[in-house]
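Peer 1: For reference, the structure I am asking about is given below.
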Amino acid sequence: MGFLQWFVMAALALVVFVVQVVALIDAARRPDKGFRAEGRLPKVGWLAILGVAAALGFLGLPQGWLQGGFMFGSFLNIIAVAPAIIYWVSLRPRLLPYSTRNRPRGPQGGW
């Protein structure tokens with residue numbers, strides 16, 4: 001694998017790992033009542049799934065320039081990014097009304 005291909009794969013692996021970690025942190029910050037109200041997996045279940053996905057994403061990061069095994073790591077990233085995408089696309093928009101930070105945005109009232 002040439003340098004450009006390795007760099008693109010490493011950049012994609014890093015982006016996927018960041019998406020997984022941010023999804024885990026975001027799920028941890030959401031209140032449990034939102035997960036229960038939506039009738040999905042409980043918060044603990046989602047945290048476990050996203051935690052395993054982030055761990056697999058970490059294992060999917062490249063270890064070095066000349067070391068082998070990066071293709072197995074990219075396979076782990078493909079598997080591990082699915083729960084994070086499901087969280088971001090399906091569950092997080094439904095959890096937003098239950099957020100503890102329901103502050104109005106933009107200018108309010110008066111002149």
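Residues in the structure tokens are named by chain (A, B, ... in the order shown) and by number from 1 within that chain; ligands are numbered from 1 in the order shown.
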Give me, as a ChimeraX atom specification, all polymer residues having an atom no more than 7 Å from Leu56 in chain A, counting only C-alpha atoms and skipping those fewer than 2 positions away in the same chain.
Peer 2: /A:52-54,58-60,76-77,80
Peer 1: Using only C-alpha atoms, determine which residues lie at most 12 Å from Arg30 in chain A, disregarding the query and same-chain residues fewer than 6 positions distant; provide the list as number ranges by chain.
Peer 2: A: 23-24, 36, 42-44, 46-47, 91-101
Peer 1: Looking at only C-alpha atoms, which of A:Leu61, A:Phe75, A:Ile86, A:Glu38 is the one that sits closest to Ala10 in chain A?
Peer 2: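 Residue with the minimum atom-to-atom distance to Ala10 in chain A: A:Leu61.
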Peer 1: Find the distance between CA of Pro83 in chain A and CA of Gly51 in chain A and write it in Å to one decimal.
Peer 2: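 About the pair CA of Pro83 in chain A and CA of Gly51 in chain A: they are 9.9 Å apart.
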Peer 1: Interatomic distance between CA of Ala13 in chain A and CA of Ala28 in chain A?
Peer 2: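 Distance between the two atoms: 22.7 Å.
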Peer 1: So which residues of range 15-99 of chain A fall under helix (DSSP H, G or I) by DSSP, listed as a PyMOL selection string?
Peer 2: chain A and resi 15-29+32-37+43-59+70-98
